[in-house]
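**Student:** Provided herewith: upload26.cif, mmCIF, C-alpha atoms.
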data_work
loop_
_atom_site.label_atom_id
_atom_site.label_comp_id
_atom_site.auth_asym_id
_atom_site.auth_seq_id
_atom_site.Cartn_x
_atom_site.Cartn_y
_atom_site.Cartn_z
CA MET A 1 7.80 28.81 -1.27
CA ASP A 2 6.39 25.26 -1.10
CA ILE A 3 4.13 24.88 1.92
CA LYS A 4 3.89 21.29 3.12
CA ASP A 5 1.30 21.46 5.89
CA LEU A 6 -0.94 23.71 7.99
CA LYS A 7 1.66 24.19 10.72
CA HIS A 8 4.16 25.45 8.16
CA ALA A 9 1.54 27.85 6.74
CA GLU A 10 0.68 29.20 10.18
CA GLN A 11 4.34 29.72 11.09
CA LEU A 12 4.91 31.57 7.81
CA LEU A 13 1.96 33.88 8.45
CA ILE A 14 3.08 34.61 12.00
CA LYS A 15 6.55 35.46 10.72
CA THR A 16 5.42 37.68 7.84
CA THR A 17 2.66 39.52 9.75
CA GLN A 18 4.43 39.64 13.13
CA ASN A 19 1.11 38.61 14.65
CA GLN A 20 1.08 35.62 16.99
CA ASP A 21 -2.72 35.60 16.96
CA ILE A 22 -3.12 35.54 13.18
CA LYS A 23 -5.04 32.27 13.26
CA ASP A 24 -7.59 33.70 15.70
CA LEU A 25 -7.91 36.81 13.52
CA ILE A 26 -8.64 34.67 10.47
CA GLU A 27 -11.29 32.67 12.30
CA THR A 28 -12.93 35.88 13.48
CA GLN A 29 -13.04 37.25 9.94
CA LEU A 30 -14.44 34.01 8.55
CA SER A 31 -17.28 34.12 11.05
CA THR A 32 -18.50 37.33 9.37
CA TRP A 33 -18.59 35.89 5.84
CA VAL A 34 -22.00 35.56 4.21
CA PHE A 35 -21.91 32.59 1.89
CA PRO A 36 -24.14 32.40 -1.21
CA GLU A 37 -27.08 30.06 -1.62
CA LEU A 38 -26.34 26.49 -2.71
CA SER A 39 -28.12 27.07 -6.03
CA ASP A 40 -25.98 30.13 -6.87
CA ARG A 41 -23.89 29.32 -9.96
CA LEU A 42 -21.52 32.14 -9.00
CA ALA A 43 -20.83 30.69 -5.55
CA VAL A 44 -17.19 29.82 -6.32
CA ALA A 45 -16.50 33.30 -7.72
CA THR A 46 -18.12 34.84 -4.63
CA ILE A 47 -15.92 32.79 -2.28
CA LYS A 48 -12.81 33.75 -4.26
CA ASN A 49 -13.76 37.43 -3.93
CA LEU A 50 -14.27 37.02 -0.18
CA PHE A 51 -10.84 35.44 0.10
CA TYR A 52 -9.02 38.13 -1.85
CA ASP A 53 -10.81 40.84 0.12
CA LEU A 54 -9.44 39.17 3.24
CA CYS A 55 -5.96 39.21 1.70
CA LYS A 56 -6.20 42.97 1.22
CA GLU A 57 -7.41 43.46 4.76
CA ILE A 58 -4.58 41.46 6.31
CA PHE A 59 -1.67 42.19 3.96
CA HIS A 60 -2.70 45.59 2.53
CA ASP A 61 -0.46 46.29 -0.48
CA ASP A 62 2.11 43.56 0.25
CA GLN A 63 0.28 40.54 -1.19
CA SER A 64 3.22 38.37 -2.17
CA ASP A 65 2.52 34.85 -3.36
CA ASN A 66 3.96 33.14 -0.28
CA LYS A 67 1.73 35.19 2.04
CA VAL A 68 -1.41 34.61 -0.01
CA GLU A 69 -0.64 30.90 -0.32
CA ALA A 70 -0.11 30.55 3.44
CA LEU A 71 -3.37 32.39 4.13
CA GLN A 72 -5.13 30.15 1.63
CA TRP A 73 -4.07 27.06 3.58
CA LEU A 74 -5.54 28.34 6.82
CA VAL A 75 -8.73 29.77 5.30
CA PHE A 76 -9.65 26.75 3.18
CA ASP A 77 -8.91 24.36 6.03
CA GLN A 78 -11.85 26.10 7.72
CA ILE A 79 -14.22 26.51 4.75
CA HIS A 80 -13.43 23.31 2.81
CA ASP A 81 -16.73 21.63 3.67
CA ILE A 82 -18.73 24.68 2.58
CA CYS A 83 -16.85 24.99 -0.73
CA LEU A 84 -17.15 21.31 -1.54
CA THR A 85 -20.87 21.38 -0.83
CA TYR A 86 -21.32 23.79 -3.76
CA ILE A 87 -18.89 21.97 -6.02
CA ARG A 88 -20.10 18.43 -5.32
CA ALA A 89 -23.68 19.48 -6.00
CA ARG A 90 -22.54 20.76 -9.39
CA PHE A 91 -20.50 17.68 -10.31
CA SER A 92 -22.58 15.02 -8.55
CA ASP A 93 -23.67 13.15 -11.68
CA GLN A 94 -20.18 13.20 -13.24
CA ASP A 95 -18.54 12.02 -10.03
CA LYS A 96 -20.99 9.13 -9.62
CA ALA A 97 -20.70 8.05 -13.25
CA PHE A 98 -16.90 8.14 -13.07
CA PHE A 99 -16.82 6.11 -9.85
CA GLU A 100 -19.09 3.45 -11.36
CA LYS A 101 -16.99 3.33 -14.53
CA CYS A 102 -13.86 2.75 -12.44
CA ARG A 103 -15.59 -0.09 -10.60
CA THR A 104 -16.46 -1.69 -13.93
CA LEU A 105 -12.90 -1.32 -15.26
CA LEU A 106 -11.50 -2.76 -12.05
CA GLY A 107 -13.84 -5.71 -12.43
CA ILE A 108 -12.35 -6.57 -15.84
CA ASN A 109 -8.79 -6.14 -14.56
CA VAL A 110 -7.85 -3.28 -16.88
CA SER A 111 -4.13 -2.53 -17.28
CA ALA A 112 -2.06 0.40 -18.52
CA GLU A 113 -1.08 -1.71 -21.53
CA GLN A 114 -4.73 -1.78 -22.65
CA PHE A 115 -4.68 2.03 -22.70
CA GLY A 116 -1.58 2.08 -24.88
CA ALA A 117 1.31 1.92 -22.40
CA ASN A 118 4.44 -0.14 -22.87
CA GLU A 119 3.70 -3.60 -21.43
CA ASN A 120 6.59 -3.14 -19.00
CA TYR A 121 4.72 -0.28 -17.32
CA SER A 122 1.89 -2.56 -16.18
CA ILE A 123 3.35 -2.93 -12.69
CA PRO A 124 1.45 -2.52 -9.39
CA LEU A 125 2.35 1.12 -8.52
CA SER A 126 0.92 0.50 -5.06
CA ALA A 127 2.48 3.57 -3.42
CA ALA A 128 0.99 5.91 -6.03
CA ILE A 129 -2.44 4.30 -5.70
CA VAL A 130 -2.41 4.53 -1.90
CA GLU A 131 -1.34 8.18 -2.03
CA LEU A 132 -4.05 9.21 -4.51
CA SER A 133 -6.77 7.19 -2.77
CA VAL A 134 -6.79 9.64 0.17
CA LEU A 135 -7.28 12.75 -2.00
CA ASP A 136 -10.76 13.28 -0.54
CA ASN A 137 -9.31 13.43 2.98
CA TYR A 138 -7.30 16.58 2.32
CA LYS A 139 -8.98 19.93 2.85
CA THR A 140 -6.95 22.76 1.36
CA PRO A 141 -6.23 23.25 -2.35
CA GLY A 142 -2.53 23.10 -1.48
CA GLU A 143 -2.87 19.74 0.28
CA LYS A 144 -4.81 18.27 -2.62
CA MET A 145 -2.30 19.60 -5.17
CA ASN A 146 0.56 18.19 -3.08
CA CYS A 147 -1.24 14.83 -3.18
CA LEU A 148 -1.45 14.94 -6.98
CA CYS A 149 2.23 15.90 -7.26
CA THR A 150 3.33 13.15 -4.87
CA THR A 151 1.26 10.59 -6.77
CA TYR A 152 2.81 11.71 -10.05
CA ASP A 153 6.33 11.49 -8.60
CA LEU A 154 5.63 8.03 -7.18
CA VAL A 155 4.53 6.74 -10.59
CA PHE A 156 7.89 7.75 -12.04
CA ALA A 157 9.80 6.51 -9.00
CA GLU A 158 8.20 3.06 -8.99
CA ILE A 159 8.74 2.54 -12.72
CA LYS A 160 12.35 3.72 -12.46
CA THR A 161 12.97 1.45 -9.46
CA ALA A 162 11.81 -1.55 -11.49
CA MET A 163 13.94 -0.41 -14.45
CA VAL A 164 17.05 -0.10 -12.30
CA ALA A 165 16.53 -3.60 -10.92
CA VAL A 166 16.18 -5.09 -14.41
CA ILE A 167 19.05 -3.11 -15.93
CA SER A 168 21.40 -3.94 -13.06
CA GLN A 169 20.87 -7.64 -13.75
CA ASN A 170 20.93 -7.48 -17.53
CA SER A 171 23.52 -4.82 -18.34
CA GLU A 172 26.93 -3.65 -17.32
CA LYS A 173 25.75 -0.05 -17.83
CA GLU A 174 23.59 0.32 -14.74
CA ASN A 175 23.45 4.11 -15.00
CA GLU A 176 21.85 4.08 -18.46
CA ILE A 177 18.20 4.25 -17.43
CA PRO A 178 15.84 4.91 -20.36
CA VAL A 179 14.07 8.27 -20.32
CA ILE A 180 10.38 8.02 -19.41
CA ASP A 181 8.40 10.51 -21.46
CA ASN A 182 5.48 12.28 -19.80
CA ARG A 183 3.27 11.09 -22.67
CA ASP A 184 4.09 7.49 -21.78
CA ILE A 185 2.79 8.08 -18.28
CA LEU A 186 -0.79 9.00 -19.28
CA PRO A 187 -2.07 5.38 -19.57
CA VAL A 188 -0.32 4.51 -16.31
CA LEU A 189 -1.89 7.50 -14.60
CA MET A 190 -5.30 6.39 -15.89
CA VAL A 191 -4.91 3.03 -14.17
CA VAL A 192 -3.66 4.61 -10.94
CA ILE A 193 -6.77 6.84 -10.93
CA ILE A 194 -9.06 3.87 -11.63
CA LYS A 195 -7.53 1.79 -8.83
CA SER A 196 -7.64 4.67 -6.36
CA LYS A 197 -11.46 4.48 -6.31
CA LEU A 198 -12.03 8.24 -6.08
CA SER A 199 -15.58 9.21 -5.15
CA HIS A 200 -15.39 12.89 -6.14
CA VAL A 201 -12.69 13.18 -8.79
CA PHE A 202 -14.30 15.96 -10.87
CA SER A 203 -15.19 17.92 -7.75
CA ASN A 204 -11.65 17.69 -6.43
CA LEU A 205 -10.08 18.79 -9.72
CA PHE A 206 -12.46 21.74 -10.00
CA TYR A 207 -11.77 22.71 -6.38
CA VAL A 208 -8.01 22.72 -6.93
CA LYS A 209 -8.25 24.51 -10.27
CA SER A 210 -10.54 27.17 -8.82
CA PHE A 211 -8.70 27.93 -5.60
CA TYR A 212 -5.04 26.89 -5.86
CA HIS A 213 -3.38 30.30 -5.84
CA THR A 214 -0.21 29.84 -7.93
CA MET A 215 -1.42 27.29 -10.51
CA ASP A 216 -0.73 29.50 -13.54
CA ASP A 217 2.63 30.72 -12.24
CA ASN A 218 4.23 27.32 -11.70
CA ARG A 219 4.88 25.35 -14.90
CA VAL A 220 5.63 22.07 -13.13
CA ILE A 221 2.49 22.25 -10.98
CA SER A 222 0.26 23.22 -13.89
CA ASP A 223 1.68 20.46 -16.11
CA ILE A 224 1.05 17.82 -13.45
CA PHE A 225 -2.46 19.09 -12.88
CA ARG A 226 -3.22 19.03 -16.62
CA SER A 227 -1.88 15.45 -16.77
CA PHE A 228 -4.42 14.40 -14.16
CA GLU A 229 -7.19 16.32 -15.92
CA LYS A 230 -6.38 14.61 -19.20
CA ALA A 231 -6.13 11.16 -17.58
CA VAL A 232 -9.49 11.60 -15.86
CA HIS A 233 -11.19 12.71 -19.07
CA GLU A 234 -9.64 9.80 -21.00
CA VAL A 235 -11.03 7.37 -18.44
CA ALA A 236 -14.41 9.13 -18.48
CA LYS A 237 -14.77 8.78 -22.25
CA THR A 238 -13.66 5.13 -22.29
CA ASP A 239 -16.40 2.81 -23.45
CA THR A 240 -16.17 -0.15 -21.09
CA ARG A 241 -17.77 -2.36 -23.75
CA ASP A 242 -14.64 -1.91 -25.88
CA VAL A 243 -12.23 -2.95 -23.13
CA GLN A 244 -11.42 -6.64 -23.05
CA PRO A 245 -10.81 -8.35 -19.71
CA GLY A 246 -7.10 -8.17 -18.98
CA ALA A 247 -4.79 -11.07 -18.32
CA ALA A 248 -3.47 -10.84 -14.77
CA LYS A 249 0.28 -10.55 -15.23
CA MET A 250 0.83 -9.39 -11.67
CA ILE A 251 0.44 -11.93 -8.89
CA GLN A 252 -2.55 -11.23 -6.64
CA SER A 253 -2.27 -14.56 -4.83
CA ILE A 254 0.04 -17.48 -5.38
CA ASP A 255 -0.10 -21.26 -5.23
CA LEU A 256 2.77 -23.78 -5.13
CA GLU A 257 2.90 -24.25 -8.92
CA GLU A 258 3.12 -20.50 -9.54
CA TYR A 259 5.74 -20.18 -6.80
CA MET A 260 7.87 -22.84 -8.48
CA LYS A 261 7.58 -21.17 -11.90
CA ILE A 262 8.75 -17.83 -10.59
CA THR A 263 11.48 -19.31 -8.43
CA LEU A 264 12.89 -21.47 -11.22
CA SER A 265 12.92 -18.51 -13.59
CA ASP A 266 15.71 -17.03 -11.46
CA GLU A 267 18.04 -19.17 -13.53
CA ASP A 268 17.39 -16.96 -16.57
CA GLN A 269 17.48 -13.34 -15.38
CA SER A 270 18.68 -11.98 -18.70
CA ARG A 271 15.13 -11.94 -20.10
CA ARG A 272 13.40 -10.57 -17.02
CA THR A 273 10.93 -7.72 -17.69
CA LEU A 274 9.68 -4.98 -15.37
CA VAL A 275 6.58 -7.07 -14.68
CA ASP A 276 8.78 -10.08 -13.87
CA GLU A 277 10.82 -7.91 -11.53
CA ALA A 278 7.69 -6.63 -9.78
CA ASN A 279 6.46 -10.21 -9.37
CA HIS A 280 9.80 -11.21 -7.89
CA ARG A 281 9.65 -8.35 -5.42
CA ALA A 282 6.15 -9.45 -4.44
CA LEU A 283 7.37 -13.03 -4.14
CA ASN A 284 10.23 -11.95 -1.89
CA LEU A 285 7.76 -10.16 0.37
CA ILE A 286 5.55 -13.25 0.53
CA THR A 287 8.55 -15.46 1.30
CA LYS A 288 9.84 -13.07 3.96
CA SER A 289 6.40 -12.82 5.53
CA THR A 290 6.12 -16.61 5.65
CA VAL A 291 9.57 -17.00 7.20
CA ASP A 292 8.90 -14.29 9.76
CA HIS A 293 5.56 -15.88 10.66
CA ASP A 294 7.12 -19.35 11.06
CA SER A 295 9.83 -17.98 13.33
CA VAL A 296 7.34 -16.45 15.76
#
For this file, write the structure as structure tokens.

**Tutor:**
Amino acid sequence: MDIKDLKHAEQLLIKTTQNQDIKDLIETQLSTWVFPELSDRLAVATIKNLFYDLCKEIFHDDQSDNKVEALQWLVFDQIHDICLTYIRARFSDQDKAFFEKCRTLLGINVSAEQFGANENYSIPLSAAIVELSVLDNYKTPGEKMNCLCTTYDLVFAEIKTAMVAVISQNSEKENEIPVIDNRDILPVLMVVIIKSKLSHVFSNLFYVKSFYHTMDDNRVISDIFRSFEKAVHEVAKTDTRDVQPGAAKMIQSIDLEEYMKITLSDEDQSRRTLVDEANHRALNLITKSTVDHDSV
């Protein structure tokens, strides 16, 4: 069962345990936990053992995945800060180095095309970036994994939306959308990660990998997680000295001359690319905003 939020997890536990006070019981049990010292390299393993002991105490022999997952949501919502204290201490140097590298790559306007993506994939992907940028705000492994999955889905959705717009203008076969291979997404995912400005990316990935209960049992989830792992490691090993400053194909701001160029290009839609389409959507938003402002 896919749990979407804490309320859903609590309702599931109440239903499966027939205990309306299950949340209070969990909090009482957590208050008795003795957490390891910060310097203990086995801290994560110790916390996992404490959690699974709690599972046995509450569920006895009936430890089905949906029950354990629901319990995990409620437990790690409470102990997130403690867990991340251990993990962030371990990955502090890697997290800082990665964050600084992303700042450098942002400063030279890196694009997915520079990492090997089709030039048409170098579109803004704003929804995916916004979604991933709040990864640190989530507490439970389930919430963080849901964030990664949503980000991944948004990357595909935004590229496909641009494709549909271009194909509908250039072809009579609007339903023939090219297949986007997962391997083509890696460079795009790298740029989404860079632009999301994540402060603790290695810590978050380790946290999810260590505590997300059904990672190995769900092929889709595990594949998405591995895609993010690979993208992060590809960014981490990138030598910023080898990356040339990118040409800004997407409009960040616009003057009258640029506005005229884009507007006049409407006359020849047959050669419009995904980047062109994204620029036109941005232009439409600017135009609409201006009109709305003038009418106030």

**Student:** On this structure, the PyMOL selection byres ((chain A and resi 136) around 9) would catch which residues? List them as JSON, numbers by chain, sorted by chain and number.

**Tutor:** {"A": [132, 133, 134, 135, 137, 138, 139, 144, 198, 199, 200, 201, 204]}

**Student:** Looking at all atoms listed in the file, which of A:Asp81, A:Asp184, A:Asp62, A:Asp40 is the one that sits closest to A:Asn118?

**Tutor:** A:Asp184

**Student:** Find the residues near A:Lys197: any atom within 10 Å, counting all atoms listed in the file, skip ones fewer than 6 places away on the same chain, and give them as JSON, numbers by chain.

**Tutor:** {"A": [98, 99, 100, 101, 102, 103, 106, 129, 132, 133, 134]}

**Student:** Taking all atoms of stretch 199-208 of chain A that the file lists, what box with edges along x, y and z, padded by 5 Å per side, do you get, with centre and edge lengths in Å to one decimal, as AutoDock Vina command-line options?

**Tutor:**
--center_x -11.8 --center_y 16.0 --center_z -8.0 --size_x 17.6 --size_y 23.5 --size_z 15.7

**Student:** Once the PyMOL selection byres ((chain A and resi 30) around 12) has been applied to the shown file, what residues remain in the selection, as an NGL selection string?

**Tutor:** :A and (23-29 or 31-35 or 47 or 50-51 or 53-54 or 74-79 or 82)

**Student:** Using atom CA of A:Phe202 and atom CA of A:Asp93 as the two end points, give the distance in Å to one decimal.

**Tutor:** 9.8 Å

**Student:** In terms of the shortest atom-to-atom distance over only C-alpha atoms, which of A:His233, A:Arg219, A:Arg90, A:His213 is closest to A:Ser64?

**Tutor:** A:His213

**Student:** Once the PyMOL selection byres ((chain A and resi 45) around 12) has been evaluated on this model, what residues remain selected, and can you format them as a ChimeraX atom specification?

**Tutor:** /A:35-36,40-44,46-52,83,86-87,207,210-211

**Student:** Please report the interatomic distance between atom CA of A:His8 and atom CA of A:Ile193 in Å with one decimal.

**Tutor:**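 Answer for the atom CA of A:His8 to atom CA of A:Ile193 separation: 28.8 Å.
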
**Student:** May I have the protein, DNA and RNA residues with any atom at most 10 Å from the point (-6.8, 10.0, -24.0), counting only C-alpha atoms, written as an NGL selection string?

**Tutor:** :A and (115-116 or 186-187 or 190 or 230-238)

**Student:** What is the distance between atom CA of A:Leu189 and atom CA of A:Lys160, in Å to one decimal?

**Tutor:**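 If I compute the distance from atom CA of A:Leu189 to atom CA of A:Lys160, I get 14.9 Å.
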
**Student:** Hey, what's within 8 Å of stretch 239-243 of chain A if we count only C-alpha atoms and toss same-chain stuff fewer than 4 positions away? As a tab-separated table (two decimals) with C-alpha atoms, in the coordinates of the input, please?

**Tutor:**
chain	number	residue	atom	x	y	z
A	101	LYS	CA	-16.99	3.33	-14.53
A	104	THR	CA	-16.46	-1.69	-13.93
A	105	LEU	CA	-12.90	-1.32	-15.26
A	110	VAL	CA	-7.85	-3.28	-16.88
A	114	GLN	CA	-4.73	-1.78	-22.65

**Student:** Between A:Glu158, A:Ala127, A:Asp217, A:Pro245, which is the closest to A:Lys195 once you count all atoms listed in the file?

**Tutor:**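 Residue with the minimum atom-to-atom distance to A:Lys195: A:Ala127.
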
**Student:** Using all atoms listed in the file, can you list as an NGL selection string the residues within 9 Å of (10.3, 1.3, -11.3)?

**Tutor:** :A and (121 or 123 or 125 or 155-165 or 274 or 278)
